[in-house]
file final-v7.cif (mmCIF, C-alpha atoms)
data_final
loop_
_atom_site.label_atom_id
_atom_site.label_comp_id
_atom_site.auth_asym_id
_atom_site.auth_seq_id
_atom_site.Cartn_x
_atom_site.Cartn_y
_atom_site.Cartn_z
CA MET A 114 -12.83 -17.97 15.16
CA PHE A 115 -16.23 -17.17 16.74
CA MET A 116 -14.84 -17.36 20.25
CA ASP A 117 -11.86 -15.14 19.30
CA THR A 118 -14.25 -12.56 17.85
CA GLU A 119 -16.36 -12.47 21.01
CA ILE A 120 -13.26 -12.18 23.19
CA ILE A 121 -11.95 -9.32 21.03
CA LYS A 122 -15.24 -7.46 21.28
CA GLU A 123 -15.30 -7.88 25.05
CA MET A 124 -11.67 -6.73 25.40
CA SER A 125 -12.25 -3.74 23.12
CA ARG A 126 -14.59 -2.24 25.71
CA LYS A 127 -11.48 -1.69 27.84
CA GLU A 128 -9.30 -0.77 24.81
CA LYS A 129 -7.42 -4.04 25.26
CA ARG A 130 -6.08 -6.32 22.50
CA LEU A 131 -5.30 -10.05 22.39
CA ASP A 132 -1.63 -9.41 21.57
CA ASN A 133 -1.29 -6.75 24.30
CA ARG A 134 -0.51 -3.94 21.86
CA GLU A 135 -1.55 -0.37 22.56
CA ALA A 136 -4.47 0.97 20.52
CA ASN A 137 -2.15 2.88 18.15
CA GLU A 138 0.71 0.37 18.07
CA TYR A 139 1.72 -1.53 14.95
CA ARG A 140 3.06 -5.05 14.90
CA ASN A 141 6.73 -5.55 13.97
CA VAL A 142 7.46 -4.24 10.47
CA LYS A 143 10.27 -5.51 8.27
CA ILE A 144 10.96 -4.08 4.80
CA GLU A 145 13.46 -5.66 2.40
CA LYS A 146 14.19 -4.01 -0.94
CA GLY A 147 15.61 -5.55 -4.11
CA VAL A 148 14.27 -9.05 -3.43
CA VAL A 149 13.32 -9.78 -7.06
CA SER A 150 16.35 -9.51 -9.34
CA SER A 151 14.31 -9.53 -12.55
CA ALA A 152 12.13 -6.57 -11.50
CA ALA A 153 12.87 -2.88 -12.05
CA GLY A 154 12.19 -2.47 -8.34
CA SER A 155 10.91 -4.76 -5.60
CA ALA A 156 10.27 -5.12 -1.91
CA ARG A 157 9.09 -7.69 0.61
CA VAL A 158 7.12 -6.52 3.65
CA THR A 159 6.46 -8.50 6.81
CA LEU A 160 3.85 -6.94 9.09
CA GLY A 161 3.32 -9.25 12.02
CA ASP A 162 2.10 -12.49 10.42
CA THR A 163 1.27 -10.77 7.13
CA LYS A 164 3.73 -11.09 4.25
CA VAL A 165 3.57 -9.53 0.80
CA VAL A 166 5.96 -9.02 -2.11
CA ALA A 167 5.79 -6.20 -4.66
CA GLY A 168 7.57 -6.21 -8.00
CA ILE A 169 7.69 -3.37 -10.52
CA LYS A 170 7.88 -3.62 -14.29
CA ILE A 171 8.66 -0.42 -16.20
CA GLU A 172 8.12 -0.47 -19.95
CA THR A 173 7.21 1.93 -22.73
CA GLY A 174 3.65 2.33 -23.92
CA THR A 175 1.03 4.72 -25.27
CA PRO A 176 -0.34 7.39 -22.90
CA PHE A 177 -4.01 7.83 -22.15
CA GLU A 178 -5.80 10.40 -24.29
CA ASP A 179 -6.65 12.63 -21.34
CA SER A 180 -3.03 12.61 -20.07
CA PHE A 181 -1.05 12.54 -23.30
CA ASP A 182 2.09 13.95 -21.70
CA GLU A 183 2.16 11.80 -18.56
CA GLY A 184 3.37 8.33 -17.64
CA VAL A 185 1.02 5.56 -16.56
CA LEU A 186 0.63 3.76 -13.21
CA MET A 187 -1.16 0.44 -12.73
CA VAL A 188 -1.46 -1.60 -9.52
CA ALA A 189 -2.60 -5.21 -9.17
CA VAL A 190 -2.91 -7.18 -5.92
CA GLU A 191 -3.11 -10.97 -6.19
CA PHE A 192 -4.32 -13.22 -3.41
CA ILE A 193 -2.35 -16.45 -3.64
CA PRO A 194 -4.60 -19.34 -2.44
CA PHE A 195 -2.04 -20.88 -0.09
CA ALA A 196 -1.72 -17.55 1.76
CA TYR A 197 -5.15 -17.89 3.34
CA SER A 198 -7.85 -20.54 3.36
CA GLU A 199 -10.52 -18.16 2.04
CA PHE A 200 -8.48 -17.07 -1.00
CA GLU A 201 -9.50 -18.79 -4.22
CA SER A 202 -7.76 -19.22 -7.56
CA GLY A 203 -9.28 -17.65 -10.67
CA PRO A 204 -10.23 -14.07 -11.57
CA PRO A 205 -9.43 -11.27 -9.08
CA SER A 206 -11.87 -11.12 -6.17
CA GLU A 207 -13.76 -7.97 -5.20
CA GLU A 208 -11.47 -7.61 -2.20
CA SER A 209 -8.26 -7.82 -4.25
CA ILE A 210 -9.66 -5.26 -6.69
CA GLU A 211 -10.56 -2.96 -3.80
CA PHE A 212 -7.08 -3.26 -2.27
CA SER A 213 -5.48 -2.57 -5.66
CA ARG A 214 -7.51 0.63 -5.97
CA VAL A 215 -6.72 1.75 -2.42
CA VAL A 216 -2.96 1.31 -2.97
CA ASP A 217 -3.20 2.97 -6.39
CA ARG A 218 -5.14 5.93 -4.97
CA ALA A 219 -2.71 6.44 -2.10
CA ILE A 220 0.17 6.71 -4.58
CA ARG A 221 -1.66 8.74 -7.21
CA GLU A 222 -3.35 11.25 -4.90
CA SER A 223 -0.14 11.85 -2.94
CA LYS A 224 1.40 13.34 -6.11
CA CYS A 225 4.62 11.59 -5.08
CA ILE A 226 5.57 10.82 -8.69
CA ASP A 227 6.07 13.50 -11.36
CA PHE A 228 4.31 11.66 -14.17
CA LYS A 229 5.17 14.37 -16.71
CA LYS A 230 8.84 13.43 -16.33
CA LEU A 231 7.88 9.92 -17.47
CA CYS A 232 6.81 11.24 -20.88
CA ILE A 233 9.18 10.26 -23.69
CA THR A 234 7.23 11.64 -26.68
CA GLU A 235 3.97 13.54 -26.11
CA GLY A 236 0.96 11.59 -27.26
CA GLU A 237 3.09 8.70 -28.44
CA LYS A 238 5.37 7.11 -25.89
CA VAL A 239 5.62 7.20 -22.10
CA TRP A 240 6.99 5.05 -19.32
CA MET A 241 4.39 2.72 -17.82
CA ILE A 242 4.81 1.61 -14.19
CA ASN A 243 3.19 -1.73 -13.36
CA ILE A 244 3.16 -2.71 -9.68
CA ASP A 245 2.28 -6.35 -9.02
CA ILE A 246 1.74 -7.31 -5.39
CA ASP A 247 1.47 -10.92 -4.22
CA VAL A 248 0.01 -11.74 -0.81
CA LEU A 249 2.06 -14.60 0.65
CA ASP A 250 0.54 -14.78 4.15
CA ASN A 251 -2.59 -13.06 5.40
CA GLY A 252 -2.37 -12.18 9.07
CA GLY A 253 -4.52 -9.06 8.71
CA ASN A 254 -4.14 -5.47 7.50
CA LEU A 255 -3.25 -6.36 3.92
CA ILE A 256 -3.89 -2.81 2.74
CA ASP A 257 -1.04 -1.32 4.78
CA ALA A 258 1.33 -4.19 3.97
CA CYS A 259 0.61 -3.87 0.24
CA GLY A 260 0.95 -0.08 0.41
CA LEU A 261 4.31 -0.32 2.18
CA ALA A 262 5.57 -2.89 -0.33
CA ALA A 263 4.48 -0.72 -3.25
CA ALA A 264 6.11 2.40 -1.79
CA ALA A 265 9.37 0.57 -1.01
CA ALA A 266 9.45 -1.01 -4.47
CA LEU A 267 8.93 2.39 -6.09
CA ALA A 268 11.80 3.81 -4.03
CA ASP A 269 13.95 0.86 -5.16
CA ALA A 270 13.00 1.08 -8.85
CA LYS A 271 15.24 2.13 -11.72
CA ILE A 272 14.03 3.24 -15.16
CA PRO A 273 15.52 1.10 -17.96
CA ASP A 274 18.32 2.68 -19.97
CA MET A 275 17.81 3.30 -23.69
CA ASP A 276 20.05 2.03 -26.49
CA GLU A 277 21.24 4.19 -29.38
CA LYS A 278 17.98 3.53 -31.25
CA GLY A 279 15.84 4.70 -28.35
CA LYS A 280 14.72 1.23 -27.31
CA PRO A 281 14.64 0.20 -23.64
CA ILE A 282 17.31 -2.19 -22.37
CA TYR A 283 15.35 -4.60 -20.18
CA ASP A 284 18.02 -7.19 -19.42
CA LYS A 285 20.12 -4.76 -17.40
CA ARG A 286 19.14 -2.66 -14.40
CA GLY A 287 18.93 1.04 -15.27
CA LYS A 288 20.67 3.93 -13.52
CA GLU A 289 17.91 6.51 -13.18
CA SER A 290 15.47 6.42 -10.25
CA LEU A 291 11.82 7.28 -10.62
CA PRO A 292 11.02 11.01 -10.28
CA MET A 293 9.65 10.79 -6.73
CA ASN A 294 9.38 13.71 -4.33
CA SER A 295 7.89 11.89 -1.33
CA ILE A 296 6.87 8.51 0.07
CA PRO A 297 3.14 7.66 0.25
CA VAL A 298 2.03 5.53 3.21
CA SER A 299 -1.35 3.98 4.03
CA THR A 300 -2.43 3.45 7.63
CA THR A 301 -5.51 1.41 8.51
CA PHE A 302 -7.68 1.60 11.61
CA VAL A 303 -10.70 -0.40 12.73
CA LYS A 304 -13.54 0.46 15.06
CA ILE A 305 -14.61 -2.33 17.41
CA GLY A 306 -17.38 -1.26 19.70
CA GLY A 307 -16.35 2.20 20.84
CA SER A 308 -12.59 1.68 20.45
CA ILE A 309 -10.24 2.53 17.57
CA PHE A 310 -7.26 0.27 16.84
CA SER A 311 -4.44 0.57 14.31
CA ASP A 312 -2.96 -2.26 12.24
CA PRO A 313 -5.77 -4.81 12.80
CA THR A 314 -5.00 -8.51 12.92
CA ILE A 315 -7.13 -10.88 10.89
CA TYR A 316 -9.20 -11.64 14.00
CA GLU A 317 -9.75 -7.95 14.71
CA GLU A 318 -10.91 -7.51 11.11
CA ASP A 319 -13.50 -10.24 11.70
CA ALA A 320 -14.72 -8.37 14.79
CA MET A 321 -14.67 -4.84 13.37
CA ASP A 322 -17.67 -2.59 12.91
CA ALA A 323 -15.89 -0.17 10.56
CA ARG A 324 -12.52 0.36 8.89
CA LEU A 325 -10.83 3.51 7.65
CA THR A 326 -7.60 3.64 5.66
CA VAL A 327 -5.86 7.02 5.45
CA GLY A 328 -3.09 7.70 2.95
CA THR A 329 -0.56 10.31 4.10
CA VAL A 330 2.43 12.01 2.54
CA GLU A 331 5.10 14.36 3.89
CA LYS A 332 6.16 17.41 1.88
CA GLU A 333 8.24 20.37 2.98
CA GLY A 334 8.21 19.10 6.53
CA LYS A 335 4.42 18.89 6.73
CA ILE A 336 2.23 15.77 6.72
CA PHE A 337 -0.92 15.73 4.64
CA ALA A 338 -3.79 13.26 4.38
CA SER A 339 -4.07 12.51 0.66
CA SER A 340 -6.60 9.66 0.42
CA MET A 341 -9.21 7.73 2.41
CA GLN A 342 -11.10 4.47 2.02
CA LYS A 343 -13.98 3.38 4.27
CA GLY A 344 -14.86 -0.26 4.92
CA GLY A 345 -17.14 -2.21 7.24
CA ILE A 346 -20.88 -2.16 7.70
CA LYS A 347 -21.18 0.60 10.31
CA GLY A 348 -20.34 4.27 10.26
CA LEU A 349 -17.85 6.56 11.95
CA THR A 350 -18.54 9.84 13.71
CA GLN A 351 -16.73 13.03 12.72
CA ASP A 352 -14.83 12.91 16.02
CA GLU A 353 -13.71 9.35 15.27
CA ILE A 354 -12.58 10.33 11.78
CA ASP A 355 -10.63 13.29 13.16
CA LYS A 356 -9.03 11.02 15.75
CA ILE A 357 -8.04 8.50 13.07
CA ILE A 358 -6.52 11.20 10.85
CA GLY A 359 -4.37 12.35 13.76
CA MET A 360 -3.28 8.78 14.46
CA ALA A 361 -2.60 8.26 10.75
CA GLU A 362 -0.27 11.24 10.61
CA GLU A 363 1.66 9.93 13.61
CA LYS A 364 1.94 6.31 12.42
CA GLY A 365 2.55 7.34 8.81
CA LYS A 366 5.63 9.24 9.88
CA GLU A 367 7.00 6.16 11.63
CA LEU A 368 6.33 3.85 8.67
CA ARG A 369 7.76 6.34 6.19
CA LYS A 370 11.09 6.24 7.98
CA LEU A 371 11.20 2.45 7.58
CA VAL A 372 10.61 2.76 3.82
CA GLN A 373 13.37 5.33 3.50
CA GLU A 374 15.98 3.27 5.36
#
call {"tool": "encode", "arguments": {"input": "final-v7.cif", "output": "structure tokens"}}
result
Amino acid sequence: MFMDTEIIKEMSRKEKRLDNREANEYRNVKIEKGVVSSAAGSARVTLGDTKVVAGIKIETGTPFEDSFDEGVLMVAVEFIPFAYSEFESGPPSEESIEFSRVVDRAIRESKCIDFKKLCITEGEKVWMINIDIDVLDNGGNLIDACGLAAAAALADAKIPDMDEKGKPIYDKRGKESLPMNSIPVSTTFVKIGGSIFSDPTIYEEDAMDARLTVGTVEKEGKIFASSMQKGGIKGLTQDEIDKIIGMAEEKGKELRKLVQE
């Protein structure tokens, strides 16, 4: 691991990578929808050696007091111990909580879901969307993999039908899709030395000085940056941030097409 990190740092000075990718090139991405039959929506994402599965449960519940006429979204990322030697069983780690919040923010701040259309009775009953993401293999860049899986699962999801008494029918897949107007995508970049790389491997994450995840969304033919999350111990210059945003818009467009297929 130490030797790989030193090699990566040395190669980064020439904007080179161990796997010969270009600085703004992602590893192979595979998205499969409908992989969990018991879920309202689901997706499995393979990003290089990283594999995650997202499942969605949609049920009725009580709205929050400050959003009494809107549905509820909750995201949870779980690190399964066999996915990576450093993952441990027990309560959620700080990293899994951070990733959950980053995925949640990318969806929420993109305004891709019309939460008011998920209100059944104001102040009493709304649809609650629970996204559970399991990390199966950690090969790096979990944030983007989890974000893609969440977005694809949302696109796959169906709201449960109601019976004549107004109760949800959970044992049968519904007919109505979620009220989505766009697809949110997260793209992550790391700074190693003076170079910026997209879609970092687990070894590049070990060698990074800083990380920046940018959530983007496309509406009316225009791409907007809707969220950001900084990581790593060192900072980024304004020029580096501007460069990353431009790269995020470009890569986000490519990833969004894969989710929509």
call {"tool": "closest_residue", "arguments": {"input": "final-v7.cif", "among": "A:Pro176, A:Gly287, A:Pro297, A:Gly345", "to": "Glu222 (chain A)", "atoms": "all atoms listed in the file"}}
result
A:Pro297
call {"tool": "residues_around", "arguments": {"input": "final-v7.cif", "residues": "Glu289 (chain A)", "least_positions_apart": "4", "cutoff": "12 Å", "atoms": "all atoms listed in the file", "output": "number ranges by chain"}}
result
A: 153-154, 171, 230-231, 268-275, 293
call {"tool": "closest_residue", "arguments": {"input": "final-v7.cif", "among": "A:Met360, A:Ala156, A:Val298, A:Leu255", "to": "Arg218 (chain A)", "atoms": "all atoms listed in the file"}}
result
A:Val298
call {"tool": "atom_distance", "arguments": {"input": "final-v7.cif", "atom1": "CA of Ser308 (chain A)", "atom2": "CA of Leu371 (chain A)"}}
result
27.1 Å
call {"tool": "closest_atom_pairs", "arguments": {"input": "final-v7.cif", "of": "region 121-210 of chain A", "to": "region 238-247 of chain A", "cutoff": "7 Å", "atoms": "all atoms listed in the file", "output": "Markdown table"}}
result
| residue | atom | partner | partner_atom | distance |
| --- | --- | --- | --- | --- |
| A:Val165 | CA | A:Asp247 | CA | 5.6 |
| A:Val166 | CA | A:Asp247 | CA | 5.3 |
| A:Ala167 | CA | A:Ile246 | CA | 4.3 |
| A:Gly168 | CA | A:Asp245 | CA | 5.4 |
| A:Ile169 | CA | A:Ile244 | CA | 4.7 |
| A:Lys170 | CA | A:Asn243 | CA | 5.1 |
| A:Ile171 | CA | A:Ile242 | CA | 4.8 |
| A:Glu172 | CA | A:Met241 | CA | 5.4 |
| A:Thr173 | CA | A:Trp240 | CA | 4.6 |
| A:Gly174 | CA | A:Lys238 | CA | 5.4 |
| A:Thr175 | CA | A:Lys238 | CA | 5.0 |
| A:Pro176 | CA | A:Val239 | CA | 6.0 |
| A:Glu183 | CA | A:Val239 | CA | 6.8 |
| A:Gly184 | CA | A:Val239 | CA | 5.1 |
| A:Val185 | CA | A:Met241 | CA | 4.6 |
| A:Leu186 | CA | A:Ile242 | CA | 4.8 |
| A:Met187 | CA | A:Asn243 | CA | 4.9 |
| A:Val188 | CA | A:Ile244 | CA | 4.8 |
| A:Ala189 | CA | A:Asp245 | CA | 5.0 |
| A:Val190 | CA | A:Ile246 | CA | 4.7 |
| A:Glu191 | CA | A:Asp247 | CA | 5.0 |
| A:Phe192 | CA | A:Asp247 | CA | 6.3 |
| A:Ile193 | CA | A:Asp247 | CA | 6.7 |
call {"tool": "write_last_selection", "arguments": {"input": "final-v7.cif", "atoms": "C-alpha atoms", "output": "PDB file, in the coordinates of the input"}}
result
ATOM      1  CA  VAL A 165       3.570  -9.530   0.800  1.00  0.00           C
ATOM      2  CA  VAL A 166       5.960  -9.020  -2.110  1.00  0.00           C
ATOM      3  CA  ALA A 167       5.790  -6.200  -4.660  1.00  0.00           C
ATOM      4  CA  GLY A 168       7.570  -6.210  -8.000  1.00  0.00           C
ATOM      5  CA  ILE A 169       7.690  -3.370 -10.520  1.00  0.00           C
ATOM      6  CA  LYS A 170       7.880  -3.620 -14.290  1.00  0.00           C
ATOM      7  CA  ILE A 171       8.660  -0.420 -16.200  1.00  0.00           C
ATOM      8  CA  GLU A 172       8.120  -0.470 -19.950  1.00  0.00           C
ATOM      9  CA  THR A 173       7.210   1.930 -22.730  1.00  0.00           C
ATOM     10  CA  GLY A 174       3.650   2.330 -23.920  1.00  0.00           C
ATOM     11  CA  THR A 175       1.030   4.720 -25.270  1.00  0.00           C
ATOM     12  CA  PRO A 176      -0.340   7.390 -22.900  1.00  0.00           C
ATOM     13  CA  GLU A 183       2.160  11.800 -18.560  1.00  0.00           C
ATOM     14  CA  GLY A 184       3.370   8.330 -17.640  1.00  0.00           C
ATOM     15  CA  VAL A 185       1.020   5.560 -16.560  1.00  0.00           C
ATOM     16  CA  LEU A 186       0.630   3.760 -13.210  1.00  0.00           C
ATOM     17  CA  MET A 187      -1.160   0.440 -12.730  1.00  0.00           C
ATOM     18  CA  VAL A 188      -1.460  -1.600  -9.520  1.00  0.00           C
ATOM     19  CA  ALA A 189      -2.600  -5.210  -9.170  1.00  0.00           C
ATOM     20  CA  VAL A 190      -2.910  -7.180  -5.920  1.00  0.00           C
ATOM     21  CA  GLU A 191      -3.110 -10.970  -6.190  1.00  0.00           C
ATOM     22  CA  PHE A 192      -4.320 -13.220  -3.410  1.00  0.00           C
ATOM     23  CA  ILE A 193      -2.350 -16.450  -3.640  1.00  0.00           C
TER      24      ILE A 193
END
call {"tool": "resolve_selection", "arguments": {"input": "final-v7.cif", "expression": "the PyMOL selection byres ((chain A and resi 179-182) around 6)", "output": "mmCIF file with C-alpha atoms, in the frame of the given file"}}
result
data_model
loop_
_atom_site.group_PDB
_atom_site.id
_atom_site.type_symbol
_atom_site.label_atom_id
_atom_site.label_comp_id
_atom_site.auth_asym_id
_atom_site.auth_seq_id
_atom_site.Cartn_x
_atom_site.Cartn_y
_atom_site.Cartn_z
ATOM 1 C CA PRO A 176 -0.340 7.390 -22.900
ATOM 2 C CA PHE A 177 -4.010 7.830 -22.150
ATOM 3 C CA GLU A 178 -5.800 10.400 -24.290
ATOM 4 C CA GLU A 183 2.160 11.800 -18.560
ATOM 5 C CA LYS A 229 5.170 14.370 -16.710
ATOM 6 C CA CYS A 232 6.810 11.240 -20.880
ATOM 7 C CA GLU A 235 3.970 13.540 -26.110
ATOM 8 C CA GLY A 236 0.960 11.590 -27.260
#
call {"tool": "closest_residue", "arguments": {"input": "final-v7.cif", "among": "A:Ile282, A:Val215, A:Leu368, A:Met124", "to": "Ala320 (chain A)", "atoms": "only C-alpha atoms"}}
result
A:Met124
call {"tool": "resolve_selection", "arguments": {"input": "final-v7.cif", "expression": "the PyMOL selection byres ((chain A and resi 126) around 7)", "output": "list of chain:residue names"}}
result
A:Lys122, A:Glu123, A:Met124, A:Ser125, A:Lys127, A:Glu128, A:Gly306, A:Gly307, A:Ser308
call {"tool": "closest_residue", "arguments": {"input": "final-v7.cif", "among": "A:Ala152, A:Ala136, A:Cys225, A:Ile121", "to": "Ile296 (chain A)", "atoms": "all atoms listed in the file"}}
result
A:Cys225
call {"tool": "closest_residue", "arguments": {"input": "final-v7.cif", "among": "A:Arg130, A:Lys285, A:Arg324, A:Lys356", "to": "Ser150 (chain A)", "atoms": "only C-alpha atoms"}}
result
A:Lys285
call {"tool": "resolve_selection", "arguments": {"input": "final-v7.cif", "expression": "the PyMOL selection byres ((chain A and resi 163) around 9)", "output": "PyMOL selection string"}}
result
chain A and resi 158-162+164-165+248-255+258+314
